[in-house]
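Student: What follows is run23.cif; its format and atoms are mmCIF, C-alpha atoms.
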```cif
data_data
loop_
_atom_site.label_atom_id
_atom_site.label_comp_id
_atom_site.auth_asym_id
_atom_site.auth_seq_id
_atom_site.Cartn_x
_atom_site.Cartn_y
_atom_site.Cartn_z
CA MET A 1 78.20 33.01 18.82
CA ALA A 2 77.48 29.40 19.69
CA ARG A 3 73.89 28.26 19.47
CA ARG A 4 72.17 27.43 22.72
CA ASP A 5 71.29 23.80 23.12
CA THR A 6 67.49 23.59 23.40
CA GLY A 7 67.27 19.82 23.18
CA THR A 8 65.13 17.60 25.30
CA ASP A 9 67.60 17.93 28.18
CA ASP A 10 66.82 21.63 28.51
CA PRO A 11 64.31 22.05 31.37
CA ARG A 12 62.61 24.89 29.48
CA VAL A 13 61.42 22.50 26.75
CA ARG A 14 58.10 20.74 27.30
CA VAL A 15 57.89 17.43 25.54
CA ARG A 16 54.31 16.65 24.51
CA PRO A 17 53.25 13.14 23.66
CA ASN A 18 52.44 12.43 20.01
CA ARG A 19 48.72 12.11 20.52
CA ARG A 20 47.90 11.48 16.87
CA GLY A 21 50.06 8.40 16.74
CA SER A 22 49.62 7.24 20.28
CA ARG A 23 46.65 5.01 19.48
CA PRO A 24 46.68 3.00 16.25
CA ARG A 25 43.54 3.39 14.15
CA THR A 26 41.59 0.38 12.97
CA LYS A 27 39.29 -0.15 10.03
CA GLN A 28 37.12 -2.46 12.07
CA ARG A 29 33.77 -1.01 12.99
CA PRO A 30 31.34 -2.22 15.63
CA ALA A 31 28.62 -4.51 14.30
CA HIS A 32 25.89 -2.83 16.34
CA GLU A 33 24.00 -6.08 16.65
CA ASP A 34 21.72 -4.38 19.17
CA ALA A 35 20.57 -1.76 16.61
CA VAL A 36 16.82 -1.47 16.09
CA ILE A 37 15.39 -1.08 12.58
CA GLY A 38 13.27 1.78 11.29
CA MET A 39 12.43 3.68 8.11
CA VAL A 40 13.55 7.23 7.34
CA THR A 41 10.39 9.30 6.84
CA ARG A 42 11.81 12.84 6.69
CA ILE A 43 15.18 14.60 6.59
CA ASP A 44 15.54 18.12 7.96
CA ARG A 45 18.92 19.86 8.19
CA GLY A 46 20.89 16.82 9.25
CA HIS A 47 18.17 15.41 11.51
CA TYR A 48 16.54 12.16 10.40
CA ARG A 49 12.96 11.40 11.39
CA ILE A 50 12.58 7.62 11.66
CA ARG A 51 9.57 5.33 12.22
CA LEU A 52 10.69 2.24 14.14
CA GLU A 53 9.36 -1.14 13.08
CA ASP A 54 8.59 -1.84 16.75
CA PRO A 55 6.60 1.21 17.91
CA SER A 56 6.42 -0.08 21.48
CA LEU A 57 10.05 0.98 21.96
CA THR A 58 9.04 4.64 22.00
CA GLU A 59 7.52 6.34 25.00
CA ASP A 60 4.39 7.47 23.17
CA GLY A 61 3.94 4.25 21.19
CA THR A 62 4.12 5.94 17.77
CA GLY A 63 7.54 4.58 16.83
CA ASP A 64 8.70 8.04 15.73
CA ILE A 65 12.19 9.11 16.79
CA THR A 66 14.82 11.61 15.66
CA ALA A 67 18.39 10.53 14.94
CA MET A 68 21.73 11.87 13.81
CA LYS A 69 23.95 10.12 11.30
CA ALA A 70 26.97 8.40 12.85
CA ARG A 71 30.38 9.42 11.52
CA GLU A 72 31.20 5.82 10.73
CA LEU A 73 28.60 5.88 7.93
CA GLY A 74 30.83 8.28 6.02
CA ARG A 75 29.49 10.55 3.30
CA GLY A 76 27.08 8.07 1.79
CA LYS A 77 23.68 9.56 1.06
CA VAL A 78 20.79 8.46 3.27
CA VAL A 79 17.38 9.12 1.71
CA VAL A 80 13.71 8.92 2.64
CA GLY A 81 12.57 5.30 2.48
CA ASP A 82 15.88 3.86 3.66
CA ARG A 83 15.68 1.14 6.31
CA VAL A 84 18.30 1.96 8.89
CA GLY A 85 19.69 0.63 12.16
CA VAL A 86 19.74 3.00 15.15
CA VAL A 87 21.25 2.77 18.61
CA GLY A 88 21.18 4.91 21.72
CA ASP A 89 18.09 6.66 23.02
CA VAL A 90 15.14 5.37 20.98
CA SER A 91 12.49 6.56 23.42
CA GLY A 92 11.41 9.38 21.13
CA ARG A 93 11.21 11.79 24.06
CA LYS A 94 11.55 15.49 23.38
CA ASP A 95 15.11 16.72 22.81
CA THR A 96 16.53 13.18 22.55
CA LEU A 97 18.59 11.93 19.63
CA ALA A 98 19.35 8.38 18.60
CA ARG A 99 22.36 7.48 16.44
CA MET A 100 21.92 6.03 12.96
CA VAL A 101 24.70 3.50 12.45
CA ARG A 102 23.67 1.32 9.52
CA VAL A 103 21.76 1.47 6.22
CA GLU A 104 20.14 -1.79 5.20
CA GLU A 105 20.39 -3.11 1.64
CA ARG A 106 18.03 -1.26 -0.70
CA ARG A 107 15.43 -3.13 -2.74
CA THR A 108 14.88 -0.22 -5.16
CA LEU A 109 16.40 3.22 -5.60
CA LEU A 110 14.78 6.07 -7.51
CA ARG A 111 17.48 8.35 -8.95
CA ARG A 112 17.64 11.53 -10.95
CA SER A 113 20.45 13.37 -12.75
CA ALA A 114 21.54 16.92 -12.06
CA GLU A 115 21.06 19.05 -15.16
CA ASP A 116 22.74 22.34 -14.33
CA GLY A 117 26.19 23.58 -13.38
CA ASP A 118 29.33 21.54 -12.81
CA ALA A 119 27.33 18.61 -11.42
CA ALA A 120 25.32 18.14 -14.64
CA GLY A 121 24.88 14.44 -15.36
CA THR A 122 25.68 13.37 -11.81
CA GLU A 123 23.10 10.97 -10.45
CA ARG A 124 21.42 11.68 -7.14
CA PRO A 125 19.40 9.22 -5.05
CA VAL A 126 15.86 10.38 -4.33
CA VAL A 127 13.87 7.64 -2.57
CA ALA A 128 14.75 4.10 -1.50
CA ASN A 129 12.71 0.90 -1.20
CA ALA A 130 9.54 2.17 -2.92
CA GLU A 131 7.53 -0.24 -5.07
CA LEU A 132 5.31 2.11 -7.04
CA LEU A 133 6.05 5.37 -8.88
CA VAL A 134 2.80 7.34 -9.10
CA ILE A 135 3.14 9.86 -11.93
CA VAL A 136 0.58 12.61 -11.36
CA THR A 137 -0.26 14.79 -14.35
CA ALA A 138 -3.16 17.09 -15.16
CA VAL A 139 -5.20 16.59 -18.31
CA ALA A 140 -5.52 20.39 -18.48
CA ASP A 141 -4.61 23.49 -16.44
CA PRO A 142 -1.64 23.06 -16.70
CA GLU A 143 -1.46 21.18 -19.97
CA PRO A 144 0.17 17.73 -19.87
CA ARG A 145 3.86 17.32 -20.64
CA PRO A 146 4.46 13.92 -22.22
CA ARG A 147 8.23 14.37 -22.18
CA MET A 148 8.12 14.77 -18.41
CA ILE A 149 6.01 11.63 -18.13
CA ASP A 150 8.54 9.84 -20.35
CA ARG A 151 11.36 10.84 -18.00
CA TYR A 152 9.50 9.55 -14.97
CA LEU A 153 8.85 6.26 -16.76
CA VAL A 154 12.53 5.93 -17.60
CA ALA A 155 13.43 6.57 -13.95
CA ALA A 156 10.84 4.00 -12.79
CA TYR A 157 12.16 1.25 -15.07
CA ASP A 158 15.73 2.06 -14.05
CA ALA A 159 14.78 1.80 -10.35
CA GLY A 160 12.86 -1.45 -10.78
CA MET A 161 9.62 0.26 -9.75
CA GLU A 162 6.14 -0.20 -11.20
CA PRO A 163 4.73 3.00 -12.76
CA LEU A 164 1.15 4.20 -12.29
CA LEU A 165 -0.16 7.17 -14.27
CA VAL A 166 -2.74 9.20 -12.33
CA LEU A 167 -4.56 11.86 -14.35
CA THR A 168 -6.04 14.79 -12.47
CA LYS A 169 -8.65 17.34 -13.63
CA SER A 170 -10.06 14.79 -16.06
CA ASP A 171 -13.37 16.68 -15.99
CA LEU A 172 -11.72 19.57 -17.87
CA ALA A 173 -10.63 17.69 -21.01
CA ASP A 174 -10.65 14.30 -22.70
CA ALA A 175 -7.97 12.04 -21.19
CA GLY A 176 -8.13 9.54 -24.08
CA PRO A 177 -5.48 11.04 -26.38
CA LEU A 178 -2.93 11.26 -23.57
CA LEU A 179 -3.62 7.70 -22.43
CA ALA A 180 -3.21 6.49 -26.03
CA LEU A 181 0.46 7.54 -25.92
CA TYR A 182 1.17 5.10 -23.09
CA GLU A 183 -1.25 2.28 -23.84
CA PRO A 184 1.33 0.40 -26.00
CA LEU A 185 3.72 0.38 -23.02
CA GLY A 186 1.11 -1.21 -20.77
CA VAL A 187 1.29 1.61 -18.21
CA ALA A 188 -1.58 1.34 -15.71
CA SER A 189 -3.63 4.51 -15.31
CA VAL A 190 -6.38 6.06 -13.17
CA ALA A 191 -8.36 9.22 -13.99
CA THR A 192 -9.48 11.57 -11.19
CA HIS A 193 -11.35 14.87 -10.96
CA LEU A 194 -10.90 15.95 -7.37
CA GLU A 195 -10.06 19.64 -7.50
CA ARG A 196 -13.54 21.00 -8.27
CA ALA A 197 -15.11 18.78 -5.60
CA VAL A 198 -12.62 20.05 -3.02
CA ARG A 199 -13.42 23.67 -3.89
CA GLU A 200 -17.12 23.00 -3.50
CA ALA A 201 -17.07 20.78 -0.41
CA GLY A 202 -13.94 22.04 1.39
CA PRO A 203 -10.66 20.24 2.12
CA ASP A 204 -12.11 17.90 4.77
CA GLY A 205 -11.80 14.70 2.75
CA ALA A 206 -15.57 14.32 2.21
CA ALA A 207 -15.20 15.36 -1.43
CA ALA A 208 -13.24 12.24 -2.38
CA ALA A 209 -16.26 10.03 -3.12
CA GLY A 210 -16.88 9.53 -6.82
CA THR A 211 -13.80 11.47 -7.93
CA GLY A 212 -11.51 8.51 -8.70
CA VAL A 213 -9.57 8.80 -5.44
CA ASP A 214 -10.90 5.44 -4.23
CA ALA A 215 -9.42 3.79 -7.34
CA VAL A 216 -6.03 5.32 -6.55
CA ARG A 217 -6.31 4.22 -2.91
CA GLU A 218 -7.02 0.66 -4.01
CA ARG A 219 -3.93 0.62 -6.24
CA ILE A 220 -1.53 1.85 -3.55
CA ALA A 221 -2.96 0.07 -0.48
CA GLY A 222 -0.30 -1.77 1.52
CA ARG A 223 2.53 -0.56 -0.71
CA THR A 224 5.21 2.13 -0.56
CA SER A 225 4.46 4.68 -3.29
CA VAL A 226 6.34 7.76 -4.47
CA PHE A 227 4.18 10.56 -5.87
CA VAL A 228 5.89 12.70 -8.52
CA GLY A 229 4.69 15.39 -10.88
CA HIS A 230 5.47 18.89 -12.07
CA SER A 231 4.10 21.91 -10.25
CA GLY A 232 0.38 22.64 -10.28
CA VAL A 233 -0.95 19.21 -11.28
CA GLY A 234 -2.84 18.67 -8.00
CA LYS A 235 -0.45 16.21 -6.36
CA SER A 236 -0.80 17.68 -2.86
CA THR A 237 -4.60 17.84 -3.20
CA LEU A 238 -4.65 14.15 -4.11
CA ILE A 239 -2.40 13.18 -1.20
CA ASN A 240 -4.57 15.13 1.25
CA ALA A 241 -7.60 13.19 0.01
CA LEU A 242 -5.76 9.88 0.44
CA VAL A 243 -4.26 10.79 3.83
CA PRO A 244 -6.22 13.70 5.38
CA GLU A 245 -3.79 14.03 8.28
CA ALA A 246 -0.93 14.68 5.83
CA HIS A 247 -1.94 18.39 5.63
CA ARG A 248 0.13 19.01 2.50
CA VAL A 249 -0.01 22.64 1.35
CA THR A 250 -1.88 23.15 -1.93
CA GLY A 251 -1.45 25.90 -4.51
CA HIS A 252 -2.87 27.06 -7.83
CA VAL A 253 -1.81 27.53 -11.43
CA ASN A 254 -0.67 30.99 -12.51
CA GLU A 255 -3.15 32.25 -15.11
CA VAL A 256 -0.44 34.17 -16.98
CA THR A 257 2.37 31.60 -17.17
CA GLY A 258 0.23 28.47 -16.98
CA ARG A 259 2.65 27.08 -14.42
CA GLY A 260 1.98 25.81 -10.95
CA ARG A 261 3.53 27.06 -7.75
CA HIS A 262 5.84 24.77 -5.77
CA THR A 263 3.93 23.81 -2.62
CA SER A 264 5.69 20.65 -1.39
CA THR A 265 9.20 21.74 -0.45
CA SER A 266 10.64 18.53 0.99
CA LEU A 267 10.28 14.78 0.74
CA GLN A 268 8.09 13.24 3.39
CA ALA A 269 6.67 9.76 3.93
CA VAL A 270 3.20 9.57 5.46
CA ALA A 271 1.52 6.37 6.58
CA LEU A 272 -1.59 5.22 4.72
CA PRO A 273 -4.61 4.27 6.81
CA GLY A 274 -4.74 0.49 6.73
CA GLY A 275 -1.07 0.02 5.78
CA GLY A 276 1.43 1.31 3.27
CA TRP A 277 3.25 4.59 2.74
CA VAL A 278 2.88 7.62 0.48
CA ILE A 279 6.09 9.55 -0.16
CA ASP A 280 5.43 13.05 -1.44
CA THR A 281 8.12 14.81 -3.47
CA PRO A 282 8.48 18.51 -4.30
CA GLY A 283 6.91 19.55 -7.60
CA VAL A 284 9.58 19.96 -10.28
CA ARG A 285 9.81 21.37 -13.80
CA SER A 286 12.47 18.90 -14.95
CA PHE A 287 13.74 15.44 -14.01
CA GLY A 288 17.15 14.43 -15.33
CA VAL A 289 17.69 10.83 -16.50
CA ALA A 290 21.10 11.17 -18.17
CA HIS A 291 22.44 8.40 -15.93
CA VAL A 292 20.04 5.79 -17.37
CA SER A 293 21.17 3.56 -20.24
CA SER A 294 19.02 1.82 -22.85
CA ALA A 295 19.70 -1.50 -21.08
CA ASP A 296 18.30 -0.04 -17.85
CA VAL A 297 15.07 0.95 -19.63
CA LEU A 298 14.75 -2.37 -21.45
CA ARG A 299 14.69 -4.22 -18.13
CA GLY A 300 11.21 -2.82 -17.65
CA PHE A 301 10.00 -4.63 -20.81
CA PRO A 302 10.93 -8.32 -20.55
CA ASP A 303 9.38 -9.21 -23.92
CA LEU A 304 11.30 -6.51 -25.79
CA ALA A 305 14.49 -7.21 -23.82
CA GLU A 306 14.30 -10.83 -24.99
CA VAL A 307 13.91 -9.72 -28.60
CA ALA A 308 16.80 -7.24 -28.24
CA GLU A 309 19.16 -10.07 -27.27
CA ASP A 310 19.37 -10.86 -31.00
CA CYS A 311 20.56 -7.32 -31.82
CA PRO A 312 24.18 -6.73 -32.90
CA ARG A 313 26.58 -5.86 -30.11
CA GLY A 314 26.36 -2.18 -29.20
CA CYS A 315 22.95 -1.70 -30.84
CA THR A 316 21.25 1.45 -29.57
CA HIS A 317 17.80 0.26 -30.72
CA ASP A 318 17.14 3.66 -32.26
CA GLU A 319 14.95 3.98 -35.33
CA GLY A 320 16.88 3.30 -38.52
CA VAL A 321 19.68 1.34 -36.86
CA ILE A 322 20.81 -1.47 -39.18
CA ASP A 323 19.91 -5.03 -38.13
CA CYS A 324 18.02 -3.99 -34.98
CA ALA A 325 16.03 -7.08 -33.98
CA LEU A 326 13.16 -4.92 -32.78
CA ASP A 327 12.38 -3.88 -36.37
CA GLU A 328 12.29 -7.48 -37.59
CA TRP A 329 10.03 -8.47 -34.67
CA ALA A 330 7.64 -5.59 -35.30
CA ALA A 331 7.39 -6.34 -39.05
CA ALA A 332 7.08 -10.13 -38.73
CA THR A 333 4.85 -11.70 -41.39
CA ASP A 334 3.86 -14.75 -39.33
CA VAL A 335 1.36 -12.72 -37.27
CA ASP A 336 -1.85 -10.97 -38.27
CA ASP A 337 -2.12 -7.25 -38.99
CA ALA A 338 -3.51 -6.37 -35.57
CA VAL A 339 -0.60 -7.99 -33.72
CA ARG A 340 1.89 -6.41 -36.13
CA GLU A 341 0.36 -2.98 -35.51
CA GLN A 342 0.46 -3.52 -31.75
CA ARG A 343 4.11 -4.55 -31.89
CA GLY A 344 4.98 -1.52 -34.00
CA SER A 345 3.30 0.83 -31.54
CA ARG A 346 5.09 -0.80 -28.62
CA VAL A 347 8.50 -0.50 -30.27
CA ALA A 348 7.83 3.12 -31.25
CA SER A 349 6.83 3.95 -27.67
CA LEU A 350 9.92 2.25 -26.29
CA ARG A 351 12.13 4.21 -28.69
CA ARG A 352 10.56 7.44 -27.49
CA LEU A 353 11.72 6.53 -23.97
CA LEU A 354 15.18 5.59 -25.24
CA ALA A 355 15.60 8.92 -27.06
CA PRO A 356 18.80 10.57 -25.76
CA SER A 357 17.20 14.02 -25.88
CA LEU A 358 14.20 13.59 -23.60
CA GLU A 359 14.49 17.29 -22.83
CA ALA A 360 13.22 18.04 -26.34
CA GLU A 361 9.84 19.61 -26.94
CA ASP A 362 6.79 17.50 -26.12
CA PRO A 363 5.63 15.33 -29.01
CA THR A 364 2.47 16.48 -30.74
CA LEU A 365 -0.59 15.00 -29.06
CA PRO A 366 -3.35 13.52 -31.18
CA SER A 367 -5.76 16.06 -32.60
CA GLY A 368 -8.67 17.10 -30.42
CA HIS A 369 -6.64 17.14 -27.21
CA HIS A 370 -7.08 20.19 -25.01
CA ARG A 371 -4.02 22.45 -25.25
#
```
Please, can you express the file's structure as structure tokens?
Tutor:
Amino acid sequence: MARRDTGTDDPRVRVRPNRRGSRPRTKQRPAHEDAVIGMVTRIDRGHYRIRLEDPSLTEDGTGDITAMKARELGRGKVVVGDRVGVVGDVSGRKDTLARMVRVEERRTLLRRSAEDGDAAGTERPVVANAELLVIVTAVADPEPRPRMIDRYLVAAYDAGMEPLLVLTKSDLADAGPLLALYEPLGVASVATHLERAVREAGPDGAAAAGTGVDAVRERIAGRTSVFVGHSGVGKSTLINALVPEAHRVTGHVNEVTGRGRHTSTSLQAVALPGGGWVIDTPGVRSFGVAHVSSADVLRGFPDLAEVAEDCPRGCTHDEGVIDCALDEWAAATDVDDAVREQRGSRVASLRRLLAPSLEAEDPTLPSGHHR
């Protein structure tokens, strides 16, 4: 039997236009020169809360709008702290959405590495454009974790951020031994004892006087700061004292495990009275830095980086490495004993940060420290 001709001449055949190829695609993207600039303050299930640099553009004058990410931005990660360009409805009225079309160049980028599963070792952006990494740790209850502090310092130097060590609950134990671990690195520090005052006076902000909070406020005024710390150290309590309208949920330390409960569950930037931003991060029990190299850490120590330029190619700067220039510098005989001791302490502290196994047990603290 002969086959029936069902070609394009058959009236029963509908010829549809090739829609996919009917319009050539272009790699050119609109410049969006009319985009207005703002900062991402919170991300919630694909919605980006943005504070515009010109608050008068919004109906209520706050500058706060909600936006969706434009497809043309691709799969690139947008994080809290990013300065972005938005178009469309920037009135900030209820149920309106602007469109985020551009991410401005980042000045700094705080990153961490995934530590579990197939993604282990993969770096993840956390916060953009922050100047100060505020490492919050308790002197006691829960006990301090120097290895966690070390990881945060490594991340700060990698990001090009200045670290600030804020000790909480300093009325419960002597902070001196912990501070001695970081004195050779020149890490700035502030001691606070806010928690007991809050319990006695209530969480209305009046308890902040005389607790060290004013010293923290002075350090972060006018700057964009990221607060980090493991669970239970009092980070949310401190932020509520600095910015009462933040209303961050606070928790307590489990008396059995000695661990804190996660209270902050998402990153959020809150404006400081008088200027500046505080970016709160969820409390964590680990912070991966596998993506950071020794050269990244050394950038945070210009004097040691200059000395390390005389090291052999590929030098890891670890203790015992042959011909490491850091050893010769630390043992120099043309300086007095005090300078030589100071140099040795600084090199030893740097090498602790460069240690490839920062997940190891915490180093033994000097005797007399509260455990």
Student: Please evaluate the PyMOL selection byres ((chain A and resi 294-306) around 9) against the displayed coordinates and give the resulting residues as a list of chain:residue names.
Tutor: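 What the PyMOL selection byres ((chain A and resi 294-306) around 9) grabs from the file is A:Leu153, A:Val154, A:Ala155, A:Ala156, A:Tyr157, A:Asp158, A:Ala159, A:Gly160, A:Met161, A:Glu162, A:Leu185, A:Val292, A:Ser293, A:Val307, A:Ala308, A:Glu309, A:Asp310, A:Thr316, A:His317, A:Leu326, A:Arg346, A:Val347, A:Leu350, A:Leu353, A:Leu354, A:Ala355.
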Student: CA of Ala241 (chain A) and CA of Thr168 (chain A), how far apart in Å?
Tutor: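 For CA of Thr168 (chain A) relative to CA of Ala241 (chain A), the distance reads 12.7 Å.
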Student: Which residues are near Leu194 (chain A)? Cut-off 10 Å, only C-alpha atoms, ignore same chain within fewer than 6 positions. Put them as a list in words.
Tutor: Thr168, Lys169, Ser170, Asp171, Ala207, Ala208, Ala209, Gly210, Thr211, Gly212, Val213, Gly234, Thr237, Leu238 and Ala241 of chain A
Student: Could you tell me, as a PyMOL selection string, exactly which residues end up selected when the PyMOL selection byres ((chain A and resi 48) around 12) is applied to this structure?
Tutor: chain A and resi 38-47+49-51+64-70+78-84+86+97-100+267-268
Student: Using the chain letters and numbers from the file, give me the residues hit by the PyMOL selection byres ((chain A and resi 214-226) around 10), as a ChimeraX atom specification.
Tutor: /A:81,110,126-135,161-166,188-192,208-213,227-228,238-239,241-243,267-281
Student: Taking into account only C-alpha atoms, which residue in the set A:Arg351, A:Lys77, A:His32, A:Arg151 is nearest to Asp318 (chain A)?
Tutor: A:Arg351
Student: Kindly give the distance, in Å, that separates CA of Asp95 (chain A) and CA of Ala31 (chain A), rounded to a single decimal.
Tutor: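 Pair CA of Asp95 (chain A) / CA of Ala31 (chain A) returns 26.6 Å.
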Student: Have a look at A:Asn240, A:Thr62, A:Ser91, A:Thr96 and name the one nearest to Val36 (chain A); count all atoms listed in the file.
Tutor: A:Ser91
